[in-house]
>>> print(open('start_4.cif').read())   # mmCIF, C-alpha atoms
data_structure
#
loop_
_atom_site.label_atom_id
_atom_site.label_comp_id
_atom_site.auth_asym_id
_atom_site.auth_seq_id
_atom_site.Cartn_x
_atom_site.Cartn_y
_atom_site.Cartn_z
CA MET B 16 88.07 121.93 141.25
CA LEU B 17 89.24 120.64 137.86
CA TRP B 18 92.23 122.97 137.86
CA GLU B 19 93.30 121.71 141.29
CA THR B 20 92.94 118.13 140.06
CA ILE B 21 95.15 118.90 137.04
CA LYS B 22 97.77 120.49 139.34
CA LEU B 23 97.78 117.39 141.54
CA ALA B 24 98.17 115.19 138.46
CA VAL B 25 101.10 117.23 137.17
CA GLN B 26 102.78 117.16 140.60
CA SER B 27 102.40 113.40 140.72
CA ILE B 28 103.91 113.04 137.24
CA LEU B 29 106.87 115.29 138.07
CA ARG B 30 107.50 113.35 141.27
CA ASN B 31 108.77 110.43 139.15
CA PRO B 32 109.93 112.02 135.86
CA MET B 33 111.84 109.00 134.51
CA ARG B 34 109.00 106.60 135.20
CA SER B 35 106.52 109.03 133.68
CA PHE B 36 108.62 109.35 130.52
CA LEU B 37 108.95 105.58 130.15
CA THR B 38 105.19 105.31 130.70
CA ILE B 39 104.36 107.59 127.78
CA LEU B 40 107.13 106.26 125.52
CA GLY B 41 104.74 103.90 123.72
CA VAL B 42 102.33 106.76 122.98
CA VAL B 43 105.20 108.97 121.80
CA ILE B 44 106.49 106.31 119.41
CA GLY B 45 103.00 105.53 118.11
CA VAL B 46 102.03 109.14 117.42
CA ALA B 47 105.44 109.97 115.95
CA ALA B 48 105.43 106.94 113.66
CA VAL B 49 101.92 107.61 112.32
CA ILE B 50 102.65 111.28 111.61
CA ALA B 51 106.03 110.53 110.03
CA MET B 52 104.58 107.79 107.80
CA VAL B 53 101.67 109.92 106.60
CA THR B 54 103.91 112.94 106.01
CA VAL B 55 106.41 110.98 103.93
CA GLY B 56 103.53 109.20 102.15
CA ASN B 57 101.91 112.52 101.22
CA GLY B 58 105.23 113.80 99.92
CA SER B 59 105.78 110.63 97.88
CA SER B 60 102.29 110.88 96.35
CA ALA B 61 102.86 114.52 95.43
CA GLN B 62 106.25 113.67 93.92
CA VAL B 63 104.75 110.84 91.86
CA THR B 64 102.05 113.19 90.56
CA THR B 65 104.65 115.83 89.68
CA ASP B 66 106.89 113.30 87.95
CA VAL B 67 104.06 111.90 85.86
CA GLU B 68 102.85 115.39 84.95
CA SER B 69 106.40 116.19 83.79
CA LEU B 70 105.97 113.50 81.12
CA GLY B 71 103.40 115.74 79.45
CA ALA B 72 99.86 117.04 79.79
CA ASN B 73 97.05 114.67 78.71
CA LEU B 74 99.71 112.51 77.09
CA LEU B 75 98.97 109.26 75.26
CA THR B 76 101.50 106.87 73.76
CA LEU B 77 100.48 104.49 70.97
CA ARG B 78 102.68 101.44 70.35
CA PRO B 79 102.35 98.33 68.17
CA GLY B 80 101.90 95.04 70.01
CA GLN B 81 100.19 94.17 73.27
CA ASP B 82 101.56 95.99 76.31
CA ARG B 83 101.94 92.99 78.60
CA MET B 84 104.06 92.81 81.71
CA GLY B 85 106.04 89.99 83.27
CA PRO B 86 108.60 87.34 82.24
CA GLY B 87 108.13 85.96 78.76
CA SER B 88 105.66 88.65 77.76
CA ASP B 89 105.51 89.88 74.20
CA GLN B 90 105.46 93.69 74.23
CA GLY B 91 105.95 94.25 70.55
CA GLY B 92 106.27 90.90 68.95
CA ALA B 93 105.49 90.57 65.26
CA ALA B 94 102.88 93.36 65.22
CA ARG B 95 103.48 95.59 62.23
CA PRO B 96 104.69 99.12 62.99
CA PHE B 97 102.77 102.27 62.18
CA ASP B 98 103.49 104.64 59.30
CA LEU B 99 103.20 108.38 58.75
CA ASP B 100 99.82 107.98 57.00
CA ASP B 101 98.40 106.57 60.27
CA ILE B 102 99.30 109.84 62.00
CA ASP B 103 97.58 111.92 59.32
CA ARG B 104 94.39 109.85 59.69
CA ILE B 105 94.45 110.24 63.48
CA LEU B 106 94.69 114.04 63.21
CA ASP B 107 91.99 114.18 60.52
CA GLN B 108 89.42 111.92 62.19
CA ILE B 109 89.83 112.40 65.97
CA GLY B 110 89.06 115.97 67.01
CA ALA B 111 90.10 115.33 70.62
CA ILE B 112 93.74 114.82 69.55
CA SER B 113 95.69 118.08 69.24
CA VAL B 114 99.14 116.58 68.64
CA ALA B 115 100.22 113.31 67.02
CA VAL B 116 103.89 112.84 66.14
CA PRO B 117 106.04 109.83 65.27
CA THR B 118 108.79 108.84 67.69
CA GLY B 119 111.63 106.38 67.39
CA SER B 120 114.70 106.03 69.56
CA GLN B 121 118.04 104.26 69.75
CA THR B 122 120.94 104.27 72.18
CA ILE B 123 123.95 105.75 70.39
CA VAL B 124 127.31 107.26 71.35
CA ALA B 125 127.51 111.04 70.87
CA VAL B 126 130.92 112.60 70.20
CA PHE B 127 132.08 116.20 70.62
CA GLU B 128 135.76 117.26 70.35
CA GLY B 129 137.07 113.99 71.71
CA GLU B 130 134.41 113.58 74.41
CA ASN B 131 132.22 110.48 74.09
CA TYR B 132 128.88 109.91 75.81
CA GLN B 133 126.28 107.19 75.28
CA THR B 134 122.80 108.63 75.17
CA THR B 135 119.30 108.07 73.79
CA VAL B 136 118.65 109.60 70.37
CA THR B 137 115.00 110.22 69.54
CA GLY B 138 113.60 111.05 66.14
CA THR B 139 110.35 113.05 66.16
CA GLN B 140 108.71 116.33 65.12
CA ASN B 141 108.19 119.73 66.76
CA GLY B 142 104.81 118.69 68.14
CA TYR B 143 106.68 116.34 70.48
CA PHE B 144 107.78 119.27 72.65
CA GLU B 145 104.20 120.56 72.91
CA ALA B 146 102.87 117.13 73.84
CA LYS B 147 105.61 116.65 76.43
CA ASP B 148 105.16 120.23 77.71
CA TRP B 149 108.91 120.65 77.32
CA ALA B 150 110.29 124.13 76.74
CA LEU B 151 113.72 125.20 75.49
CA SER B 152 116.15 127.07 77.70
CA ALA B 153 118.14 128.22 74.66
CA GLY B 154 117.94 128.06 70.88
CA ARG B 155 114.92 127.15 68.78
CA LEU B 156 112.80 124.28 67.48
CA PHE B 157 113.38 122.61 64.11
CA SER B 158 112.77 124.65 60.96
CA SER B 159 110.64 123.30 58.10
CA SER B 160 113.75 122.42 56.09
CA GLU B 161 115.20 120.56 59.08
CA GLU B 162 111.97 118.62 59.58
CA SER B 163 112.16 117.66 55.93
CA GLY B 164 115.45 115.87 56.50
CA LYS B 165 118.23 118.39 57.12
CA THR B 166 120.60 117.47 59.95
CA ALA B 167 119.94 119.29 63.23
CA CYS B 168 119.42 118.28 66.85
CA ILE B 169 118.18 119.53 70.20
CA ILE B 170 119.96 118.20 73.29
CA GLY B 171 119.14 117.76 76.96
CA GLN B 172 121.01 119.31 79.86
CA THR B 173 122.78 116.05 80.82
CA VAL B 174 124.17 115.59 77.31
CA ARG B 175 125.37 119.22 77.28
CA GLU B 176 127.14 118.77 80.63
CA GLU B 177 128.75 115.46 79.65
CA LEU B 178 130.03 116.68 76.26
CA MET B 179 130.53 120.43 76.66
CA GLY B 180 130.39 121.23 80.36
CA SER B 181 128.76 124.61 80.91
CA ALA B 182 129.56 125.92 77.42
CA ASP B 183 126.83 127.27 75.15
CA PRO B 184 125.95 124.37 72.81
CA ILE B 185 123.97 126.38 70.23
CA GLY B 186 125.57 126.23 66.80
CA ARG B 187 128.09 123.54 67.73
CA LYS B 188 128.29 120.27 65.82
CA ILE B 189 128.16 116.87 67.50
CA ARG B 190 128.54 113.48 65.87
CA ILE B 191 125.79 110.92 66.33
CA ASP B 192 127.07 107.59 65.04
CA ASN B 193 128.31 108.62 61.58
CA LEU B 194 126.05 111.67 61.34
CA ASN B 195 127.23 115.22 62.05
CA CYS B 196 124.40 117.44 63.28
CA THR B 197 124.21 121.05 64.40
CA VAL B 198 122.78 121.76 67.87
CA VAL B 199 119.94 124.25 67.40
CA GLY B 200 118.29 124.03 70.83
CA LEU B 201 118.86 123.17 74.49
CA LEU B 202 116.00 121.71 76.54
CA GLU B 203 115.05 122.88 80.00
CA ALA B 204 116.08 120.49 82.77
CA LYS B 205 113.40 118.00 83.86
CA GLY B 206 115.41 115.63 86.06
CA ALA B 207 114.57 112.00 86.73
CA ASN B 208 111.07 110.66 86.12
CA THR B 209 109.01 108.38 88.39
CA PHE B 210 111.02 105.35 87.28
CA GLY B 211 114.40 106.96 87.97
CA GLN B 212 115.24 107.60 84.30
CA ASP B 213 117.11 110.82 83.55
CA GLN B 214 114.86 112.71 81.13
CA ASP B 215 117.65 115.18 80.32
CA ASP B 216 119.86 112.42 78.93
CA THR B 217 118.55 112.76 75.37
CA VAL B 218 119.30 114.01 71.88
CA ILE B 219 116.29 114.81 69.69
CA MET B 220 116.45 115.16 65.91
CA PRO B 221 113.88 115.44 63.09
CA PHE B 222 112.11 112.15 62.46
CA LYS B 223 112.92 111.99 58.73
CA THR B 224 116.63 112.49 59.43
CA PHE B 225 116.52 109.83 62.13
CA ALA B 226 114.58 107.40 59.90
CA ARG B 227 116.85 107.82 56.87
CA ARG B 228 120.29 108.18 58.49
CA ILE B 229 120.03 106.17 61.70
CA ALA B 230 117.05 103.78 61.76
CA GLY B 231 117.23 103.00 58.05
CA SER B 232 113.42 102.78 57.84
CA THR B 233 110.43 105.10 57.87
CA ASP B 234 108.47 102.68 60.07
CA VAL B 235 107.01 104.40 63.15
CA SER B 236 107.66 102.42 66.33
CA SER B 237 105.65 104.76 68.55
CA ILE B 238 103.23 107.67 68.24
CA THR B 239 103.09 110.39 70.89
CA LEU B 240 99.70 112.09 71.22
CA SER B 241 98.20 114.89 73.27
CA VAL B 242 94.50 115.26 74.12
CA ARG B 243 93.01 118.74 73.84
CA ASP B 244 92.05 120.53 77.06
CA GLY B 245 88.39 120.00 77.89
CA TYR B 246 88.16 116.65 76.10
CA SER B 247 87.74 113.35 77.90
CA THR B 248 90.89 111.25 77.78
CA ASP B 249 88.82 108.06 78.04
CA ARG B 250 86.70 109.12 75.06
CA ALA B 251 89.84 109.95 73.07
CA ILE B 252 91.27 106.51 73.87
CA ASP B 253 88.03 104.84 72.73
CA ASP B 254 88.00 106.79 69.46
CA LEU B 255 91.67 106.06 68.89
CA THR B 256 91.16 102.36 69.57
CA ASN B 257 88.26 102.15 67.09
CA LEU B 258 90.21 104.01 64.43
CA MET B 259 93.33 101.87 64.80
CA ARG B 260 91.29 98.67 64.67
CA GLU B 261 89.78 99.94 61.41
CA ILE B 262 93.16 100.98 59.96
CA ARG B 263 94.81 97.70 60.92
CA ARG B 264 91.79 95.63 59.80
CA ILE B 265 91.28 93.86 63.11
CA GLN B 266 88.16 91.70 63.01
CA PRO B 267 85.48 91.91 65.76
CA GLY B 268 86.41 89.62 68.63
CA ASP B 269 90.13 89.64 67.79
CA ASP B 270 92.62 91.18 70.20
CA ASP B 271 94.20 94.54 69.45
CA ASP B 272 97.71 94.38 68.03
CA PHE B 273 98.54 97.78 69.53
CA SER B 274 98.51 99.37 72.98
CA ILE B 275 97.73 102.83 74.37
CA ARG B 276 99.33 104.20 77.50
CA ASP B 277 97.76 107.08 79.39
CA THR B 278 99.87 109.15 81.81
CA GLU B 279 96.77 110.11 83.83
CA GLN B 280 95.94 106.45 84.44
CA LEU B 281 99.57 105.85 85.36
CA ALA B 282 99.48 108.71 87.88
CA ASN B 283 96.27 107.39 89.45
CA MET B 284 97.68 103.87 89.68
CA LEU B 285 100.95 104.96 91.28
CA GLY B 286 99.07 107.31 93.63
CA SER B 287 96.77 104.47 94.73
CA VAL B 288 99.73 102.18 95.42
CA THR B 289 101.45 104.89 97.47
CA SER B 290 98.28 105.58 99.46
CA VAL B 291 97.74 101.89 100.23
CA LEU B 292 101.34 101.46 101.40
CA THR B 293 101.12 104.61 103.53
CA GLY B 294 97.87 103.42 105.12
CA LEU B 295 99.33 99.96 105.82
CA LEU B 296 102.48 101.34 107.43
CA SER B 297 100.45 103.86 109.45
CA ALA B 298 98.15 101.08 110.72
CA VAL B 299 101.17 99.06 111.83
CA ALA B 300 102.62 102.13 113.55
CA ALA B 301 99.29 102.80 115.29
CA VAL B 302 99.56 99.45 117.09
CA SER B 303 102.24 101.02 119.31
CA LEU B 304 99.56 103.44 120.54
CA LEU B 305 97.65 100.45 121.89
CA VAL B 306 100.85 99.14 123.49
CA GLY B 307 101.44 102.59 124.98
CA GLY B 308 97.92 102.60 126.44
CA ILE B 309 98.53 99.25 128.12
CA GLY B 310 101.76 100.67 129.55
CA ILE B 311 99.88 103.64 131.00
CA MET B 312 97.29 101.35 132.60
CA ASN B 313 100.02 99.16 134.08
CA ILE B 314 101.92 102.08 135.65
CA MET B 315 98.72 103.69 136.92
CA LEU B 316 97.78 100.44 138.68
CA VAL B 317 101.21 100.44 140.29
CA SER B 318 100.69 104.07 141.28
CA VAL B 319 97.35 103.22 142.92
CA THR B 320 99.04 100.48 144.96
CA GLU B 321 101.87 102.80 145.99
CA ARG B 322 99.49 105.60 147.02
CA THR B 323 96.89 103.49 148.82
CA ARG B 324 97.50 105.23 152.16
CA GLU B 325 97.32 108.68 150.49
CA ILE B 326 93.97 107.71 148.99
CA GLY B 327 92.71 106.52 152.38
CA ILE B 328 93.66 109.80 154.05
CA ARG B 329 91.94 111.85 151.34
CA MET B 330 88.75 109.82 151.64
CA ALA B 331 88.90 109.93 155.46
CA VAL B 332 88.96 113.75 155.43
CA GLY B 333 85.94 113.95 153.15
CA ALA B 334 87.06 113.31 149.54
CA GLN B 335 84.38 111.56 147.54
CA ALA B 336 85.00 108.47 145.42
CA SER B 337 84.23 110.48 142.26
CA GLN B 338 86.95 113.00 143.17
CA VAL B 339 89.52 110.24 143.65
CA LEU B 340 88.49 108.68 140.34
CA LEU B 341 88.78 112.05 138.59
CA GLN B 342 92.25 112.64 140.05
CA PHE B 343 93.70 109.41 138.67
CA LEU B 344 91.79 109.69 135.41
CA VAL B 345 93.12 113.21 134.82
CA GLU B 346 96.62 112.00 135.65
CA ALA B 347 96.36 109.30 132.96
CA ILE B 348 94.95 111.78 130.44
CA VAL B 349 97.72 114.30 131.14
CA LEU B 350 100.34 111.58 130.70
CA SER B 351 98.83 110.45 127.41
CA ALA B 352 98.31 113.99 126.08
CA LEU B 353 101.91 114.86 126.98
CA GLY B 354 103.01 111.80 125.04
CA GLY B 355 100.88 113.00 122.13
CA VAL B 356 102.50 116.46 122.11
CA ILE B 357 106.02 115.01 122.22
CA GLY B 358 105.03 112.46 119.57
CA ILE B 359 103.75 115.20 117.24
CA ALA B 360 107.01 117.15 117.50
CA LEU B 361 109.09 113.99 117.00
CA GLY B 362 106.88 112.80 114.12
CA LEU B 363 107.18 116.11 112.25
CA ALA B 364 110.96 116.03 112.72
CA MET B 365 111.14 112.43 111.48
CA GLY B 366 108.87 113.32 108.54
CA ALA B 367 111.10 116.25 107.58
CA ILE B 368 114.23 114.08 107.76
CA GLY B 369 112.58 111.24 105.80
CA SER B 370 111.28 113.63 103.12
CA SER B 371 114.74 115.16 102.77
CA MET B 372 116.43 111.74 102.48
CA LEU B 373 113.92 110.54 99.87
CA ASN B 374 113.98 113.90 98.09
CA VAL B 375 110.20 114.34 98.24
CA PRO B 376 108.16 117.38 99.39
CA PHE B 377 107.51 117.82 103.13
CA ILE B 378 103.68 117.81 103.36
CA PRO B 379 102.36 117.36 106.93
CA ASP B 380 98.66 116.55 107.24
CA PRO B 381 96.88 118.67 109.91
CA GLY B 382 93.99 116.19 109.99
CA THR B 383 96.31 113.28 110.79
CA ILE B 384 98.09 115.33 113.47
CA ALA B 385 94.79 116.22 115.15
CA LEU B 386 93.57 112.63 114.87
CA ALA B 387 96.78 111.24 116.37
CA PHE B 388 96.63 113.67 119.29
CA GLY B 389 92.93 112.97 119.87
CA PHE B 390 93.58 109.24 119.77
CA SER B 391 96.36 109.59 122.33
CA ALA B 392 93.95 111.43 124.66
CA VAL B 393 91.33 108.71 124.16
CA VAL B 394 93.99 106.12 125.03
CA GLY B 395 94.53 107.96 128.32
CA ILE B 396 90.80 107.99 129.09
CA VAL B 397 90.21 104.34 128.19
CA PHE B 398 93.26 102.83 129.84
CA GLY B 399 93.31 105.28 132.75
CA TYR B 400 89.71 104.57 133.76
CA PHE B 401 90.32 101.11 135.21
CA PRO B 402 93.13 102.13 137.60
CA ALA B 403 91.13 105.24 138.56
CA ARG B 404 88.04 103.12 139.32
CA ALA B 405 90.20 100.76 141.41
CA ALA B 406 91.44 103.74 143.45
CA ALA B 407 87.91 105.13 143.93
CA ARG B 408 86.64 101.75 145.21
CA LEU B 409 89.23 101.42 147.98
CA ASP B 410 87.81 101.08 151.50
CA PRO B 411 89.13 104.09 153.52
CA ILE B 412 89.72 101.96 156.66
CA GLU B 413 91.67 99.32 154.73
CA ALA B 414 93.57 102.04 152.86
CA LEU B 415 94.64 103.72 156.17
CA ARG B 416 95.91 100.36 157.46
CA HIS B 417 98.06 99.86 154.33
#
>>> encode(input="start_4.cif", output="structure tokens")
Amino acid sequence: MLWETIKLAVQSILRNPMRSFLTILGVVIGVAAVIAMVTVGNGSSAQVTTDVESLGANLLTLRPGQDRMGPGSDQGGAARPFDLDDIDRILDQIGAISVAVPTGSQTIVAVFEGENYQTTVTGTQNGYFEAKDWALSAGRLFSSSEESGKTACIIGQTVREELMGSADPIGRKIRIDNLNCTVVGLLEAKGANTFGQDQDDTVIMPFKTFARRIAGSTDVSSITLSVRDGYSTDRAIDDLTNLMREIRRIQPGDDDDFSIRDTEQLANMLGSVTSVLTGLLSAVAAVSLLVGGIGIMNIMLVSVTERTREIGIRMAVGAQASQVLLQFLVEAIVLSALGGVIGIALGLAMGAIGSSMLNVPFIPDPGTIALAFGFSAVVGIVFGYFPARAAARLDPIEALRH
């Protein structure tokens, strides 16, 4: 019985293929839009997480001054910088911190055999590479004599390509401002971070060399820290805050004159923003499913009017009202489900194209796909019921006269 009803519904749909396609177009667009939005949103969230993780594992950054955002904010102000003794005290008194190194940076032109390239020069120590989880693709880290002030540098892939092309940079000398330094290492490529900054566009040298020959001061403008595995980052931040308030003699009730950034908190914040935007766009896209349902109801009402005589004949030869209702209800469900299937295929294709254009992973969500298809079927049931009930309530005599 049900199979025969489905066959009749399919025959009726195929009788007017163009009208049937236009009927389900709203459902197709709604399902496709929801799946595409969620797929691209999942890929964006995964990319954000990957980009933040590339900054380093359990990474904290300690800077002087309040970290305020917005026009007119004071992000460093007159707060006094740190010094190397502060780093020693952090490592001695906070067991959760495995790495604490000074960092300072300036934008300087690098020169190699007539090639010039403006890049960011960072002064730090070997622990920086551990904290940043940044390996070398060639060469070595700084030796003890180099960390004591001898000239040496490690460069990123972008700097190598801009100055030397594909040549091996190890052992070559480049000029940083008025300082000649020997390249002892080449960093592995990391690419752009979450904010679009090229992480490979960097030259790294020992902090003491940077402080004496470039910055002209041993003041520490930033401290890069790494929290040991198994330790709470929040607890480490609390301990670090208490210690720095003690070192900097900040009285109870006074604001901190330093700030701590946590990459894990940054990842959670960016992930939450991406999820909210994805949900908002998906909700807007889902409205077209409602519009598609209204379209199905409208066309089914037209179909009932067109087939009034057919309905009268069926009821005159013994068809029950429930059978007529089931026929039109199944027809609406088949239309809506067909729209759901086409919408799923179109949505996955749109998601793949969008992920490729945005350069994010293609991560379809099976739960969302199932939900979108189920919702499209529910749309067929809800909006197909009223036309089907109208057909089942027709008077056979009046229907035969039509």
>>> resolve_selection(input="start_4.cif", expression="the PyMOL selection byres ((chain B and resi 387) around 9)", output="list in words")
Gly45, Val46, Ala47, Val49, Ile50, Ala301, Gly355, Gly358, Ile359, Gly382, Thr383, Ile384, Ala385, Leu386, Phe388, Gly389, Phe390, Ser391 and Ala392 of chain B
>>> residues_around(input="start_4.cif", residues="Leu255 (chain B)", least_positions_apart="5", cutoff="10 Å", atoms="all atoms listed in the file", output="list of chain:residue names")
B:Leu77, B:Ile105, B:Gln108, B:Ile109, B:Ala111, B:Ile112, B:Asp249, B:Arg250, B:Arg260, B:Glu261, B:Ile275
>>> write_last_selection(input="start_4.cif", atoms="C-alpha atoms", output="mmCIF file, in the frame of the given file")
data_model
loop_
_atom_site.group_PDB
_atom_site.id
_atom_site.type_symbol
_atom_site.label_atom_id
_atom_site.label_comp_id
_atom_site.auth_asym_id
_atom_site.auth_seq_id
_atom_site.Cartn_x
_atom_site.Cartn_y
_atom_site.Cartn_z
ATOM 1 C CA LEU B 77 100.480 104.490 70.970
ATOM 2 C CA ILE B 105 94.450 110.240 63.480
ATOM 3 C CA GLN B 108 89.420 111.920 62.190
ATOM 4 C CA ILE B 109 89.830 112.400 65.970
ATOM 5 C CA ALA B 111 90.100 115.330 70.620
ATOM 6 C CA ILE B 112 93.740 114.820 69.550
ATOM 7 C CA ASP B 249 88.820 108.060 78.040
ATOM 8 C CA ARG B 250 86.700 109.120 75.060
ATOM 9 C CA ARG B 260 91.290 98.670 64.670
ATOM 10 C CA GLU B 261 89.780 99.940 61.410
ATOM 11 C CA ILE B 275 97.730 102.830 74.370
#
>>> resolve_selection(input="start_4.cif", expression="the PyMOL selection byres ((chain B and resi 161-170) around 9)", output="ChimeraX atom specification")
/B:139-141,151,154-160,171-175,184-185,188-189,194-202,215-225,227
>>> closest_residue(input="start_4.cif", among="B:Val306, B:Met365, B:Thr293, B:Ala207", to="Ser59 (chain B)", atoms="all atoms listed in the file")
B:Thr293
>>> resolve_selection(input="start_4.cif", expression="the PyMOL selection byres ((chain B and resi 113) around 9)", output="ChimeraX atom specification")
/B:106,109-112,114-115,146,240-244
>>> write_last_selection(input="start_4.cif", atoms="C-alpha atoms", output="tab-separated table (two decimals), in the coordinates of the input")
chain	number	residue	atom	x	y	z
B	106	LEU	CA	94.69	114.04	63.21
B	109	ILE	CA	89.83	112.40	65.97
B	110	GLY	CA	89.06	115.97	67.01
B	111	ALA	CA	90.10	115.33	70.62
B	112	ILE	CA	93.74	114.82	69.55
B	114	VAL	CA	99.14	116.58	68.64
B	115	ALA	CA	100.22	113.31	67.02
B	146	ALA	CA	102.87	117.13	73.84
B	240	LEU	CA	99.70	112.09	71.22
B	241	SER	CA	98.20	114.89	73.27
B	242	VAL	CA	94.50	115.26	74.12
B	243	ARG	CA	93.01	118.74	73.84
B	244	ASP	CA	92.05	120.53	77.06
>>> atom_distance(input="start_4.cif", atom1="CA of Ser236 (chain B)", atom2="CA of Glu177 (chain B)")
28.1 Å
>>> atom_distance(input="start_4.cif", atom1="CA of Ala51 (chain B)", atom2="CA of Ile348 (chain B)")
23.3 Å
>>> atom_distance(input="start_4.cif", atom1="CA of Val339 (chain B)", atom2="CA of Gly307 (chain B)")
23.4 Å
>>> residues_around(input="start_4.cif", residues="region 130-136 of chain B", least_positions_apart="3", cutoff="6 Å", atoms="all atoms listed in the file", output="MDAnalysis selection string")
chainID B and resid 120:127 178 217:219
>>> closest_residue(input="start_4.cif", among="B:Gln214, B:Ala204, B:Gly231, B:Val55", to="Gly138 (chain B)", atoms="only C-alpha atoms")
B:Gly231
>>> closest_residue(input="start_4.cif", among="B:Asp100, B:Val53, B:Asn257, B:Asn73", to="Leu295 (chain B)", atoms="only C-alpha atoms")
B:Val53
>>> residues_around(input="start_4.cif", residues="Asn313 (chain B)", least_positions_apart="4", cutoff="10 Å", atoms="all atoms listed in the file", output="MDAnalysis selection string")
chainID B and resid 38 307:309 317:318 398:399 401:402
>>> residues_near_point(input="start_4.cif", point="(114.7, 110.0, 104.2)", cutoff="12 Å", atoms="only C-alpha atoms", output="short mmCIF file (atom, residue, chain, number, x, y, z; two decimals) with C-alpha atoms, in the coordinates of the input")
data_model
loop_
_atom_site.label_atom_id
_atom_site.label_comp_id
_atom_site.auth_asym_id
_atom_site.auth_seq_id
_atom_site.Cartn_x
_atom_site.Cartn_y
_atom_site.Cartn_z
CA ALA B 51 106.03 110.53 110.03
CA MET B 52 104.58 107.79 107.80
CA THR B 54 103.91 112.94 106.01
CA VAL B 55 106.41 110.98 103.93
CA GLY B 56 103.53 109.20 102.15
CA GLY B 58 105.23 113.80 99.92
CA SER B 59 105.78 110.63 97.88
CA ALA B 364 110.96 116.03 112.72
CA MET B 365 111.14 112.43 111.48
CA GLY B 366 108.87 113.32 108.54
CA ALA B 367 111.10 116.25 107.58
CA ILE B 368 114.23 114.08 107.76
CA GLY B 369 112.58 111.24 105.80
CA SER B 370 111.28 113.63 103.12
CA SER B 371 114.74 115.16 102.77
CA MET B 372 116.43 111.74 102.48
CA LEU B 373 113.92 110.54 99.87
CA ASN B 374 113.98 113.90 98.09
CA VAL B 375 110.20 114.34 98.24
CA PRO B 376 108.16 117.38 99.39
CA PHE B 377 107.51 117.82 103.13
#
>>> closest_residue(input="start_4.cif", among="B:Lys147, B:Gly362, B:Tyr400, B:Gly142", to="Leu341 (chain B)", atoms="only C-alpha atoms")
B:Tyr400
>>> closest_residue(input="start_4.cif", among="B:Arg408, B:Arg263, B:Arg276, B:Lys22", to="Gln335 (chain B)", atoms="all atoms listed in the file")
B:Arg408
>>> closest_residue(input="start_4.cif", among="B:Ile311, B:Ala347, B:Val356, B:Leu296", to="Ala48 (chain B)", atoms="only C-alpha atoms")
B:Leu296
